[in-house]
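Novice: Let me give you the structure first, and then I'll get to my questions.
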Amino acid sequence: PLGSSTTQTADVRIIAATNRDLREQVALGRFREDLYYRIDVIEIPLQSLVERPEDIPLLVRHFLRRLTAAAHKPIDGVTDEAMALLLRYPWPGNIRELENAMEHAVVLCQTGRIAPEHLPPRMLAATPARGHGPEHLCGQGAPRPTGRSVGPHVSEAPLAATNLDQLQRDAIRAALDRCGGNRTRAARKLGIHRTTLQRKLKRLGML
């Protein structure tokens, strides 16, 4: 210890994670070289979610089991169309973003299966990630889009605007209730920015 004249031993294991290239950071003088060589013993590289799309259906099932049990909702899966959107989305926020997207969908979906309209709006306009669409997973157990809904109580026709507004009101109220009225946390739960939530509150007459 600092200032002591005796040595004390400790059995310590250090596990560190980063999304930066530490070798590059060392070369740029942004990370201490001596610290890097102290912790660089066993390196386990992890691919981003978009690089391992075969994991998405497994993670979706995992998150749905936990989220539906907590919410006490009879949701038994996702439609083919919703899974196609999940597979082609680029997932800049990786698994944490997928978990948030499924929580958003569980809040909006009342029963049956999660459909595209239950997913965060940003996902509906997502462009396919190169080489990681549903076709990329053929033969790996991923569902192929069929152009139809496969779950009970899911309409093939687009929801009317009034129904979408009501769904958004219900989702926002549920998120605010869970976050004790904290709009910043509620916006995070819904997968949107706080200013976007503020605009929605005004437009939906909830202020």
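Convention: chains lettered A, B, ... in structure tokens order; per-chain residue numbering from 1; ligands numbered from 1 as shown.
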Going by DSSP on the backbone, which residues of chain A come out as helix (DSSP H, G or I)? List them as a ChimeraX atom specification.

Specialist: /A:22-27,33-39,49-51,53-71,80-88,94-108,116-118,121-124,134-137,161-178,183-190,194-203

Novice: Write out as a PDB file with C-alpha atoms, in the first residue's frame which residues come within 8 Å of Ala105 in chain A when counting only C-alpha atoms, dropping same-chain ones fewer than 6 positions away.

Specialist:
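around.pdb, freshly written:
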ATOM      1  CA  ILE A 114     -45.412  -8.905 -31.981  1.00  0.00           C
ATOM      2  CA  HIS A 118     -45.071  -2.726 -32.331  1.00  0.00           C
ATOM      3  CA  LEU A 119     -41.354  -2.180 -33.001  1.00  0.00           C
ATOM      4  CA  PRO A 120     -39.620   1.196 -32.532  1.00  0.00           C
TER       5      PRO A 120
END

Novice: So that I can see what lies close to range 95-103 of chain A, please list as a ChimeraX atom specification the residues with an atom at most 7 Å from it, counting only C-alpha atoms and leaving out residues fewer than 4 positions away in the same chain.

Specialist: /A:49,63-64,67,91,107,119-120,189,191

Novice: Deliver the residues from the most recent selection as a file, using N, CA and C atoms, as a compact mmCIF listing (two decimals), in the first residue's frame.

Specialist:
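Below you can see part01.txt, which holds the result:
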# COMPACT_ATOMS: atom_id res chain seq x y z
N LEU A 49 -23.54 -7.37 -32.99
CA LEU A 49 -24.75 -8.15 -33.26
C LEU A 49 -25.03 -8.28 -34.75
N PHE A 63 -35.42 -12.59 -24.55
CA PHE A 63 -35.96 -11.35 -24.01
C PHE A 63 -37.47 -11.41 -23.87
N LEU A 64 -38.14 -12.04 -24.83
CA LEU A 64 -39.60 -12.14 -24.76
C LEU A 64 -40.05 -12.96 -23.56
N LEU A 67 -39.52 -10.62 -20.52
CA LEU A 67 -40.33 -9.40 -20.52
C LEU A 67 -41.83 -9.70 -20.41
N TRP A 91 -28.46 -2.48 -35.93
CA TRP A 91 -28.17 -2.60 -34.50
C TRP A 91 -26.90 -1.87 -34.06
N VAL A 107 -44.55 -3.54 -24.61
CA VAL A 107 -45.43 -2.50 -24.08
C VAL A 107 -46.59 -2.24 -25.05
N LEU A 119 -42.78 -2.46 -33.14
CA LEU A 119 -41.35 -2.18 -33.00
C LEU A 119 -41.09 -0.68 -33.03
N PRO A 120 -39.94 -0.23 -32.51
CA PRO A 120 -39.62 1.20 -32.53
C PRO A 120 -39.68 1.74 -33.95
N LYS A 189 -36.54 4.07 -22.27
CA LYS A 189 -37.27 2.79 -22.33
C LYS A 189 -37.96 2.62 -23.67
N GLY A 191 -37.01 3.89 -26.45
CA GLY A 191 -36.05 3.90 -27.56
C GLY A 191 -36.08 5.16 -28.38

Novice: How many Å separate CA of Ile172 in chain A from CA of Glu81 in chain A?

Specialist: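 Spanning CA of Ile172 in chain A to CA of Glu81 in chain A is a straight-line distance of 24.1 Å.
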
Novice: Could you check which of A:Arg52, A:Arg66, A:Arg38, A:Arg113 is closest to Asn94 in chain A, using only C-alpha atoms?

Specialist: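 Checking each of A:Arg52, A:Arg66, A:Arg38, A:Arg113 against Asn94 in chain A, counting only C-alpha atoms, the winner is A:Arg52.
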
Novice: Given the choices A:Pro116, A:Pro121, A:Pro92, A:Gly77, which gets closest to Gln168 in chain A if the distance is worked out from only C-alpha atoms?

Specialist: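 Among the listed residues, the smallest separation from Gln168 in chain A belongs to A:Pro121.
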
Novice: Tell me, as a ChimeraX atom specification, which residues lie within 12 Å of Gln198 in chain A, counting only C-alpha atoms; anything in the same chain fewer than 6 positions away does not count.

Specialist: /A:172,182-184,186-187,192,204-207

Novice: Enter the distance from CA of Ile56 in chain A to CA of Leu167 in chain A, in Å, rounded to one decimal.

Specialist: 25.5 Å

Novice: For range 30-37 of chain A, find every residue with an atom within 12 Å (counting only C-alpha atoms), except residues of its own chain fewer than 6 positions away, and show them as an NGL selection string.

Specialist: :A and (14 or 16 or 18 or 20-24 or 43)

Novice: One number please: CA of Ala84 in chain A to CA of Glu51 in chain A, in Å, one decimal.

Specialist: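 Between CA of Ala84 in chain A and CA of Glu51 in chain A the gap is 15.7 Å.
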